[in-house]
>>> print(open('start.cif').read())   # mmCIF, C-alpha atoms
data_final
loop_
_atom_site.label_atom_id
_atom_site.label_comp_id
_atom_site.auth_asym_id
_atom_site.auth_seq_id
_atom_site.Cartn_x
_atom_site.Cartn_y
_atom_site.Cartn_z
CA MET A 111 12.75 36.42 -70.89
CA ARG A 112 9.99 35.42 -73.26
CA ILE A 113 12.47 33.02 -74.87
CA PHE A 114 13.20 31.38 -71.51
CA ASN A 115 9.47 31.11 -70.82
CA ARG A 116 9.00 29.61 -74.25
CA ILE A 117 11.64 26.98 -73.52
CA VAL A 118 9.91 26.12 -70.23
CA VAL A 119 6.56 25.80 -72.01
CA ILE A 120 8.13 23.61 -74.74
CA LEU A 121 9.56 21.29 -72.07
CA LEU A 122 6.19 21.15 -70.29
CA LEU A 123 4.41 20.39 -73.56
CA PHE A 124 6.96 17.69 -74.34
CA ALA A 125 6.30 16.14 -70.91
CA LEU A 126 2.56 16.34 -71.60
CA PHE A 127 3.08 14.62 -74.96
CA ALA A 128 5.12 11.86 -73.29
CA LEU A 129 2.37 11.45 -70.70
CA GLY A 130 -0.22 11.22 -73.48
CA VAL A 131 1.77 8.51 -75.25
CA PHE A 132 2.16 6.69 -71.94
CA VAL A 133 -1.59 6.78 -71.26
CA PHE A 134 -2.34 5.71 -74.82
CA LEU A 135 0.01 2.71 -74.58
CA THR A 136 -1.48 1.76 -71.23
CA SER A 137 -5.01 1.93 -72.58
CA ILE A 138 -4.30 -0.24 -75.65
CA SER A 139 -2.05 -2.65 -73.79
CA PRO A 140 -4.75 -5.33 -73.12
CA PHE A 141 -5.90 -5.10 -76.74
CA LEU A 142 -2.37 -5.61 -78.12
CA ASP A 143 -1.64 -8.39 -75.66
CA THR A 144 -4.46 -10.44 -77.17
CA PHE A 145 -2.50 -10.39 -80.45
CA GLY A 146 0.68 -11.51 -78.73
CA GLY A 147 2.31 -8.07 -78.43
CA GLN A 148 4.73 -7.62 -75.57
CA GLY A 149 6.25 -4.18 -76.16
CA THR A 150 3.48 -2.34 -74.33
CA ASP A 151 3.66 -4.29 -71.11
CA LEU A 152 4.54 -1.54 -68.65
CA GLN A 153 5.64 -4.05 -66.06
CA ASN A 154 8.71 -4.65 -68.24
CA LEU A 155 9.96 -1.15 -67.43
CA PRO A 156 12.61 -0.57 -64.71
CA PRO A 157 11.00 -0.45 -61.22
CA SER A 158 11.47 3.30 -60.82
CA LEU A 159 9.62 3.99 -64.08
CA ARG A 160 6.73 1.62 -63.54
CA PRO A 161 3.41 3.44 -63.19
CA ASP A 162 2.54 1.84 -59.87
CA GLY A 163 5.97 2.79 -58.44
CA LEU A 164 5.72 6.37 -59.73
CA SER A 165 2.17 6.86 -58.48
CA ALA A 166 2.98 5.32 -55.07
CA GLY A 167 5.97 7.66 -54.65
CA LEU A 168 3.97 10.71 -55.71
CA ARG A 169 1.07 9.74 -53.43
CA GLY A 170 3.42 9.32 -50.49
CA TYR A 171 5.06 12.68 -51.16
CA LEU A 172 1.72 14.49 -51.37
CA THR A 173 0.51 12.74 -48.19
CA ASN A 174 3.61 13.98 -46.38
CA ILE A 175 2.93 17.54 -47.58
CA GLU A 176 -0.71 17.31 -46.46
CA ASN A 177 0.35 16.06 -43.05
CA GLY A 178 2.82 18.92 -42.76
CA SER A 179 5.78 16.61 -42.40
CA VAL A 180 7.93 18.16 -45.12
CA GLY A 181 11.69 18.18 -44.83
CA ALA A 182 13.56 21.50 -44.77
CA LEU A 183 15.17 20.83 -48.17
CA ASP A 184 11.81 19.90 -49.74
CA ALA A 185 10.24 23.05 -48.32
CA LEU A 186 13.07 25.17 -49.74
CA VAL A 187 12.72 23.54 -53.16
CA LEU A 188 8.94 24.09 -53.16
CA ILE A 189 9.36 27.75 -52.16
CA ALA A 190 12.04 28.22 -54.84
CA VAL A 191 9.76 26.68 -57.49
CA ALA A 192 6.88 28.93 -56.41
CA LEU A 193 9.10 32.04 -56.48
CA LEU A 194 10.53 31.11 -59.88
CA GLY A 195 7.00 30.66 -61.22
CA LEU A 196 5.96 34.04 -59.83
CA ILE A 197 9.01 35.79 -61.33
CA LEU A 198 8.43 34.18 -64.73
CA LEU A 199 4.76 35.16 -64.62
CA VAL A 200 5.56 38.79 -63.80
CA LEU A 201 8.24 38.97 -66.50
CA GLU A 202 5.84 37.46 -69.03
CA LEU A 203 3.08 39.93 -68.15
CA LYS A 204 5.42 42.93 -68.22
CA PRO A 205 5.27 44.63 -71.63
CA PRO A 206 8.60 44.54 -73.51
CA THR A 207 10.80 47.62 -73.65
CA PRO A 208 10.33 49.36 -77.01
CA ARG A 209 13.26 49.15 -79.43
CA ARG A 210 12.86 52.62 -80.92
CA VAL A 211 12.64 56.01 -79.26
CA ARG A 212 9.18 57.46 -79.58
CA MET A 213 8.99 61.11 -80.67
CA GLN A 214 5.31 61.74 -81.40
CA ARG A 215 2.38 59.58 -82.40
CA GLY A 216 3.58 57.33 -85.19
CA THR A 217 7.07 58.81 -85.41
CA TYR A 218 10.17 57.14 -84.00
CA ILE A 219 13.93 57.50 -84.10
CA THR A 220 16.29 54.56 -83.74
CA ARG A 221 18.46 54.24 -80.66
CA SER A 222 21.55 54.08 -82.85
CA ALA A 223 20.74 57.45 -84.42
CA VAL A 224 20.37 59.01 -80.96
CA ARG A 225 23.59 57.32 -79.82
CA ASP A 226 25.53 58.60 -82.84
CA GLU A 227 24.37 62.16 -82.24
CA ALA A 228 25.11 62.05 -78.50
CA THR A 229 28.57 60.58 -79.23
CA ARG A 230 29.29 63.28 -81.79
CA ALA A 231 28.29 66.01 -79.30
CA THR A 232 30.32 64.52 -76.46
CA GLU A 233 33.48 64.09 -78.52
CA GLN A 234 33.34 67.69 -79.68
CA GLU A 235 34.50 68.59 -76.18
CA HIS A 236 38.32 69.02 -76.30
CA GLU A 237 39.08 67.18 -73.09
CA VAL A 238 37.03 64.12 -74.05
CA LEU A 239 39.15 61.39 -75.66
CA GLN A 240 36.44 58.79 -75.97
CA SER A 241 32.81 58.40 -75.11
CA ASN A 242 30.47 55.55 -74.43
CA VAL A 243 26.79 56.32 -74.92
CA LYS A 244 23.92 54.07 -73.97
CA VAL A 245 20.42 54.85 -75.17
CA LYS A 246 17.25 53.27 -73.87
CA ALA A 247 13.86 53.69 -75.44
CA GLN A 248 10.85 54.12 -73.20
CA ARG A 249 7.14 53.66 -73.62
CA ARG A 250 6.66 57.40 -73.18
CA PRO A 251 8.21 59.85 -75.68
CA GLY A 252 11.91 60.59 -75.22
CA ALA A 253 15.08 58.59 -74.76
CA LYS A 254 17.05 57.75 -71.67
CA VAL A 255 20.66 58.64 -72.46
CA ASP A 256 23.68 57.64 -70.35
CA VAL A 257 26.96 59.23 -71.43
CA THR A 258 30.35 58.19 -70.11
CA ALA A 259 33.11 60.53 -71.26
CA SER A 260 36.71 59.39 -70.90
CA VAL A 261 39.30 62.09 -70.16
CA ARG A 262 42.97 62.04 -69.13
CA GLU A 263 43.49 60.98 -65.53
CA ARG A 264 45.26 64.16 -64.48
CA GLU A 265 42.72 66.57 -65.90
CA GLY A 266 40.28 68.00 -63.43
CA THR A 267 36.73 66.96 -64.13
CA ARG A 268 35.26 69.90 -62.27
CA GLY A 269 32.85 71.69 -64.53
CA LEU A 270 33.46 69.30 -67.39
CA GLN A 271 30.45 67.20 -66.50
CA SER A 272 28.09 70.16 -66.81
CA GLU A 273 29.84 71.30 -70.00
CA VAL A 274 29.35 67.90 -71.62
CA ARG A 275 25.77 67.77 -70.40
CA ASP A 276 25.00 71.23 -71.85
CA ARG A 277 26.66 70.35 -75.14
CA VAL A 278 24.76 67.07 -75.52
CA GLN A 279 21.49 68.72 -74.54
CA GLN A 280 22.06 71.56 -76.99
CA HIS A 281 23.12 69.22 -79.80
CA LEU A 282 20.14 66.91 -79.38
CA GLY A 283 17.83 69.89 -78.83
CA GLN A 284 18.94 71.49 -82.13
CA ARG A 285 17.95 68.31 -83.91
CA GLY A 286 14.74 68.01 -81.92
CA ILE A 287 15.60 64.60 -80.52
CA PRO A 288 13.52 64.19 -77.37
CA VAL A 289 15.47 63.18 -74.27
CA SER A 290 13.62 62.44 -71.06
CA ASN A 291 16.63 61.59 -68.92
CA LEU A 292 20.28 62.49 -69.51
CA LYS A 293 23.07 61.23 -67.28
CA VAL A 294 26.70 62.25 -67.78
CA ARG A 295 29.65 60.56 -66.09
CA ILE A 296 33.27 61.60 -66.45
CA ALA A 297 35.81 58.79 -66.18
CA GLY A 298 39.58 59.13 -66.00
CA SER A 299 41.36 56.97 -68.59
CA ASP A 300 44.82 56.23 -69.85
CA PRO A 301 45.12 57.90 -73.31
CA ARG A 302 46.94 54.82 -74.60
CA GLU A 303 43.72 52.89 -74.18
CA THR A 304 41.29 55.40 -75.65
CA LYS A 305 40.14 55.90 -79.23
CA THR A 306 41.80 59.31 -79.45
CA ARG A 307 45.11 59.97 -77.68
CA VAL A 308 45.62 63.66 -78.36
CA LYS A 309 43.27 66.38 -79.50
CA MET B 981 0.96 41.65 -103.40
CA ALA B 982 0.97 44.02 -106.38
CA GLU B 983 -1.11 46.51 -104.39
CA ASP B 984 1.43 46.41 -101.57
CA LEU B 985 4.24 47.09 -103.99
CA GLN B 986 2.34 49.97 -105.55
CA LEU B 987 1.64 51.41 -102.11
CA ALA B 988 5.29 51.02 -101.14
CA ARG B 989 6.42 52.83 -104.28
CA ALA B 990 3.99 55.69 -103.62
CA ALA B 991 5.12 55.95 -99.98
CA SER B 992 8.75 55.92 -101.07
CA GLU B 993 8.20 58.72 -103.57
CA ALA B 994 6.23 60.78 -101.04
CA ALA B 995 8.93 60.43 -98.40
CA LEU B 996 11.79 61.25 -100.75
CA ALA B 997 9.93 64.33 -102.00
CA THR B 998 9.89 65.75 -98.49
CA ASP B 999 12.45 68.46 -97.86
CA GLY B 1000 15.00 67.27 -95.30
CA VAL B 1001 14.82 63.59 -96.20
CA TYR B 1002 18.24 62.48 -97.43
CA ALA B 1003 17.38 58.89 -98.35
CA LEU B 1004 15.31 55.90 -97.39
CA ALA B 1005 17.04 53.64 -94.89
CA THR B 1006 17.52 49.94 -95.34
CA GLY B 1007 17.02 48.84 -91.75
CA ARG B 1008 19.71 47.71 -89.37
CA PHE B 1009 19.24 44.05 -88.45
CA VAL B 1010 16.43 43.11 -90.82
CA GLU B 1011 16.08 44.65 -94.25
CA ALA B 1012 13.26 47.16 -94.32
CA ALA B 1013 11.65 46.51 -97.68
CA THR B 1014 8.50 45.44 -99.48
CA TYR B 1015 8.96 42.53 -101.83
CA GLY B 1016 7.13 41.76 -105.06
CA ALA B 1017 7.65 39.59 -108.09
CA GLY B 1018 11.14 40.45 -109.26
CA GLU B 1019 11.11 43.76 -107.48
CA LYS B 1020 11.54 45.24 -104.05
CA VAL B 1021 11.07 48.69 -102.60
CA THR B 1022 13.69 49.37 -99.96
CA GLY B 1023 12.90 51.61 -96.99
CA VAL B 1024 9.15 50.96 -96.89
CA VAL B 1025 7.54 48.01 -95.13
CA VAL B 1026 3.90 47.47 -96.09
CA GLY B 1027 2.05 45.21 -93.67
CA PRO B 1028 -1.63 44.29 -93.41
CA ASP B 1029 -2.25 46.97 -90.77
CA GLU B 1030 0.73 49.27 -91.07
CA VAL B 1031 2.95 51.13 -93.48
CA ARG B 1032 6.38 51.81 -92.01
CA VAL B 1033 8.75 54.23 -93.68
CA HIS B 1034 12.44 54.24 -92.68
CA ILE B 1035 14.23 57.49 -93.47
CA VAL B 1036 17.64 59.12 -93.16
CA VAL B 1037 17.37 62.85 -92.53
CA ARG B 1038 19.75 65.48 -93.83
CA TRP B 1039 21.73 67.82 -91.58
CA PRO B 1040 21.36 70.84 -91.49
CA LEU B 1041 17.70 70.23 -90.95
CA PRO B 1042 14.96 72.50 -92.27
CA GLU B 1043 13.04 71.77 -89.05
CA PRO B 1044 13.41 69.59 -85.94
CA ILE B 1045 13.42 65.84 -86.52
CA PRO B 1046 10.02 65.14 -84.88
CA ALA B 1047 8.35 67.79 -87.04
CA LEU B 1048 10.06 66.47 -90.16
CA ALA B 1049 9.01 62.90 -89.35
CA GLU B 1050 5.46 64.10 -88.77
CA ARG B 1051 5.49 65.86 -92.15
CA VAL B 1052 6.63 62.64 -93.86
CA ARG B 1053 3.87 60.78 -92.02
CA GLU B 1054 1.28 63.31 -93.20
CA LYS B 1055 2.46 62.91 -96.79
CA VAL B 1056 2.46 59.11 -96.73
CA ALA B 1057 -0.73 58.51 -94.71
CA PRO B 1058 -3.31 59.59 -97.36
CA GLY B 1059 -1.92 56.95 -99.73
CA ALA B 1060 -2.43 54.19 -97.19
CA PRO B 1061 -6.05 54.40 -96.03
CA GLY B 1062 -7.01 51.96 -93.29
CA ARG B 1063 -3.40 51.35 -92.27
CA ALA B 1064 -1.42 53.05 -89.56
CA THR B 1065 1.55 55.01 -90.86
CA THR B 1066 4.79 54.92 -88.90
CA VAL B 1067 7.94 56.88 -89.68
CA VAL B 1068 11.27 55.70 -88.28
CA VAL B 1069 14.29 58.01 -88.42
CA GLU B 1070 17.30 55.72 -88.71
CA ASP B 1071 20.15 58.12 -89.19
CA VAL B 1072 21.21 61.72 -89.60
CA GLU B 1073 23.40 62.35 -92.63
CA VAL B 1074 25.64 65.32 -92.08
CA VAL B 1075 25.93 67.13 -95.40
CA ARG B 1076 27.51 70.24 -93.85
CA ASP B 1077 28.48 70.58 -90.20
CA GLU B 1078 29.15 74.07 -88.95
CA ASN B 1079 31.26 72.64 -86.14
CA LEU B 1080 33.77 71.00 -88.46
#
>>> encode(input="start.cif", output="C-alpha cells")
Amino acid sequence: MRIFNRIVVILLLFALFALGVFVFLTSISPFLDTFGGQGTDLQNLPPSLRPDGLSAGLRGYLTNIENGSVGALDALVLIAVALLGLILLVLELKPPTPRRVRMQRGTYITRSAVRDEATRATEQEHEVLQSNVKVKAQRRPGAKVDVTASVREREGTRGLQSEVRDRVQQHLGQRGIPVSNLKVRIAGSDPRETKTRVK
Amino acid sequence: MAEDLQLARAASEAALATDGVYALATGRFVEAATYGAGEKVTGVVVGPDEVRVHIVVRWPLPEPIPALAERVREKVAPGAPGRATTVVVEDVEVVRDENL
C-alpha cells in the first residue's frame, strides 16, 4: 500500500509543480509581453483551461457546497474521496508486517525455512499426497502457520487433522521453531492432480 | 569500507565456528553480502547500525534453533561494538534424518 500512496503523492507533487509553473508564467507574463513575447498569454488557452474560467467554476462549486445545494452524485463522490483518504491514511500509519519470523531478541528465521519444515512434517503422513503451507510472520515472536493437506477423496479425514497437527507441532517443536498459531485443513483431492499419486 | 569488510570476515568466521551452523546463507531475493574492493563476504551484511548474519543450520541440531541463533549472536556481537547484531536462520540442512 505504501507504493500506491507513493504514486498518489507523486501525482499530487506533479500537479503542484504544474501549478507552480502556471503561477510563474502568469507572474512574468506582463514582463515578457513588453519584449513582444506571446507564448505566455494565458488568454490564448482553450476556454476551459483559462484561469478565469477555472477559478469561476471552482468558486461556483464551493459556493454550492457552502449553501448546501450539492447534488447526490457530488455528495457521493465527496464521501468516497474522504473515505479513500481515510483508508490510505490508516494503511500508511499501520506498521508493515515483518518479513521474517521473530524467535528471540535479534534472532529470526525466514518464512521459507518454516514453510519447508512444516511441509516436510505434513508430507510424512502416509495419507497426505500434497501439502500447501502458508507462513506469516508477526510482530510478536512466533509464526502463524496455515497447513492445507491434500488427501484422496474417498479417505476419511476423521482424526487425520489432529494427526497432522500433532506431527507438525512435534516437528517444529523439535527444531525449536516458535509457532503462535497453527491451523490445519484437510482437503480431498484427485491423486492425478497432486504432487504424489501413491505412497 | 575496509573496516566493514574486516568486521564481516570476523563475523563470518565466528558464525561458522559455532557448532550446528552448516553454512552461511546467501539470501533469497537480495544477495546477503558485504562488498569491498575486489572482495565480498557472503552471508554477512554490515550496515552503519547493524550486523546481520544469515545462516543455514545443520539437522540434527545440537540445540533448538532459537538457542543456536542466540549463541551465534553472542559470538558475533562482541566483534561489532555499537551495532545491533541480528541472526537470520534461512534454512535447515538435513545431514541425517532419522525419519528417512
>>> closest_residue(input="start.cif", among="A:Val294, A:Ile219, A:Leu203, A:Val238", to="chain B", atoms="all atoms listed in the file")
A:Ile219
>>> interface_residues(input="start.cif", of="chain B", to="chain A", cutoff="8 Å", atoms="only C-alpha atoms", output="PyMOL selection string")
chain B and resi 1041+1043-1046+1049-1050+1053+1064-1072
>>> write_last_selection(input="start.cif", atoms="C-alpha atoms", output="tab-separated table (two decimals), keeping the file's coordinate frame")
chain	number	residue	atom	x	y	z
B	1041	LEU	CA	17.70	70.23	-90.95
B	1043	GLU	CA	13.04	71.77	-89.05
B	1044	PRO	CA	13.41	69.59	-85.94
B	1045	ILE	CA	13.42	65.84	-86.52
B	1046	PRO	CA	10.02	65.14	-84.88
B	1049	ALA	CA	9.01	62.90	-89.35
B	1050	GLU	CA	5.46	64.10	-88.77
B	1053	ARG	CA	3.87	60.78	-92.02
B	1064	ALA	CA	-1.42	53.05	-89.56
B	1065	THR	CA	1.55	55.01	-90.86
B	1066	THR	CA	4.79	54.92	-88.90
B	1067	VAL	CA	7.94	56.88	-89.68
B	1068	VAL	CA	11.27	55.70	-88.28
B	1069	VAL	CA	14.29	58.01	-88.42
B	1070	GLU	CA	17.30	55.72	-88.71
B	1071	ASP	CA	20.15	58.12	-89.19
B	1072	VAL	CA	21.21	61.72	-89.60
>>> resolve_selection(input="start.cif", expression="the PyMOL selection byres ((chain A and resi 296) around 7)", output="JSON, numbers by chain")
{"A": [258, 259, 260, 267, 271, 294, 295, 297, 298]}
>>> write_last_selection(input="start.cif", atoms="C-alpha atoms", output="PDB file, in the coordinates of the input")
ATOM      1  CA  THR A 258      30.350  58.190 -70.110  1.00  0.00           C
ATOM      2  CA  ALA A 259      33.110  60.530 -71.260  1.00  0.00           C
ATOM      3  CA  SER A 260      36.710  59.390 -70.900  1.00  0.00           C
ATOM      4  CA  THR A 267      36.730  66.960 -64.130  1.00  0.00           C
ATOM      5  CA  GLN A 271      30.450  67.200 -66.500  1.00  0.00           C
ATOM      6  CA  VAL A 294      26.700  62.250 -67.780  1.00  0.00           C
ATOM      7  CA  ARG A 295      29.650  60.560 -66.090  1.00  0.00           C
ATOM      8  CA  ALA A 297      35.810  58.790 -66.180  1.00  0.00           C
ATOM      9  CA  GLY A 298      39.580  59.130 -66.000  1.00  0.00           C
TER      10      GLY A 298
END
>>> atom_distance(input="start.cif", atom1="atom CA of Glu1073 of chain B", atom2="atom CA of Arg230 of chain A")
12.4 Å
>>> resolve_selection(input="start.cif", expression="the PyMOL selection byres ((chain B and resi 996) around 12)", output="ChimeraX atom specification")
/B:989-995,997-1005,1023-1024,1033-1038,1048-1049,1051-1053,1055-1056
>>> atom_distance(input="start.cif", atom1="atom CA of Pro206 of chain A", atom2="atom CA of Val255 of chain A")
18.6 Å
>>> resolve_selection(input="start.cif", expression="the PyMOL selection byres ((chain A and resi 300-308) around 7)", output="PyMOL selection string")
chain A and resi 239-240+262-263+299+309
>>> atom_distance(input="start.cif", atom1="atom CA of Leu198 of chain A", atom2="atom CA of Asn115 of chain A")
6.9 Å
>>> build_atoms(input="start.cif", residues="segment 210-230 of chain A", atoms="N, CA and C atoms", output="mmCIF file, keeping the file's coordinate frame")
data_model
loop_
_atom_site.group_PDB
_atom_site.id
_atom_site.type_symbol
_atom_site.label_atom_id
_atom_site.label_comp_id
_atom_site.auth_asym_id
_atom_site.auth_seq_id
_atom_site.Cartn_x
_atom_site.Cartn_y
_atom_site.Cartn_z
ATOM 1 N N ARG A 210 12.581 51.301 -80.332
ATOM 2 C CA ARG A 210 12.860 52.620 -80.920
ATOM 3 C C ARG A 210 12.374 53.719 -79.989
ATOM 4 N N VAL A 211 13.002 54.867 -80.108
ATOM 5 C CA VAL A 211 12.640 56.010 -79.260
ATOM 6 C C VAL A 211 11.433 56.710 -79.879
ATOM 7 N N ARG A 212 10.407 56.841 -79.072
ATOM 8 C CA ARG A 212 9.180 57.460 -79.580
ATOM 9 C C ARG A 212 9.330 58.977 -79.549
ATOM 10 N N MET A 213 8.939 59.646 -80.638
ATOM 11 C CA MET A 213 8.990 61.110 -80.670
ATOM 12 C C MET A 213 7.566 61.652 -80.505
ATOM 13 N N GLN A 214 6.718 61.353 -81.498
ATOM 14 C CA GLN A 214 5.310 61.740 -81.400
ATOM 15 C C GLN A 214 4.498 60.512 -81.771
ATOM 16 N N ARG A 215 3.211 60.721 -82.013
ATOM 17 C CA ARG A 215 2.380 59.580 -82.400
ATOM 18 C C ARG A 215 2.771 59.108 -83.798
ATOM 19 N N GLY A 216 3.245 57.907 -83.886
ATOM 20 C CA GLY A 216 3.580 57.330 -85.190
ATOM 21 C C GLY A 216 4.942 57.729 -85.721
ATOM 22 N N THR A 217 5.731 58.457 -84.951
ATOM 23 C CA THR A 217 7.070 58.810 -85.410
ATOM 24 C C THR A 217 8.104 58.370 -84.376
ATOM 25 N N TYR A 218 9.137 57.717 -84.870
ATOM 26 C CA TYR A 218 10.170 57.140 -84.000
ATOM 27 C C TYR A 218 11.547 57.483 -84.547
ATOM 28 N N ILE A 219 12.542 57.381 -83.658
ATOM 29 C CA ILE A 219 13.930 57.500 -84.100
ATOM 30 C C ILE A 219 14.680 56.314 -83.490
ATOM 31 N N THR A 220 15.591 55.753 -84.249
ATOM 32 C CA THR A 220 16.290 54.560 -83.740
ATOM 33 C C THR A 220 17.258 54.950 -82.634
ATOM 34 N N ARG A 221 17.528 53.990 -81.765
ATOM 35 C CA ARG A 221 18.460 54.240 -80.660
ATOM 36 C C ARG A 221 19.857 54.530 -81.198
ATOM 37 N N SER A 222 20.208 53.872 -82.303
ATOM 38 C CA SER A 222 21.550 54.080 -82.850
ATOM 39 C C SER A 222 21.721 55.512 -83.355
ATOM 40 N N ALA A 223 20.649 56.080 -83.928
ATOM 41 C CA ALA A 223 20.740 57.450 -84.420
ATOM 42 C C ALA A 223 20.936 58.416 -83.246
ATOM 43 N N VAL A 224 20.212 58.170 -82.154
ATOM 44 C CA VAL A 224 20.370 59.010 -80.960
ATOM 45 C C VAL A 224 21.782 58.847 -80.389
ATOM 46 N N ARG A 225 22.245 57.597 -80.381
ATOM 47 C CA ARG A 225 23.590 57.320 -79.820
ATOM 48 C C ARG A 225 24.668 58.023 -80.645
ATOM 49 N N ASP A 226 24.538 57.962 -81.974
ATOM 50 C CA ASP A 226 25.530 58.600 -82.840
ATOM 51 C C ASP A 226 25.590 60.110 -82.590
ATOM 52 N N GLU A 227 24.411 60.707 -82.451
ATOM 53 C CA GLU A 227 24.370 62.160 -82.240
ATOM 54 C C GLU A 227 24.941 62.532 -80.877
ATOM 55 N N ALA A 228 24.600 61.768 -79.856
ATOM 56 C CA ALA A 228 25.110 62.050 -78.500
ATOM 57 C C ALA A 228 26.636 61.853 -78.469
ATOM 58 N N THR A 229 27.125 60.838 -79.171
ATOM 59 C CA THR A 229 28.570 60.580 -79.230
ATOM 60 C C THR A 229 29.283 61.747 -79.925
ATOM 61 N N ARG A 230 28.682 62.179 -81.034
ATOM 62 C CA ARG A 230 29.290 63.280 -81.790
ATOM 63 C C ARG A 230 29.379 64.530 -80.901
#
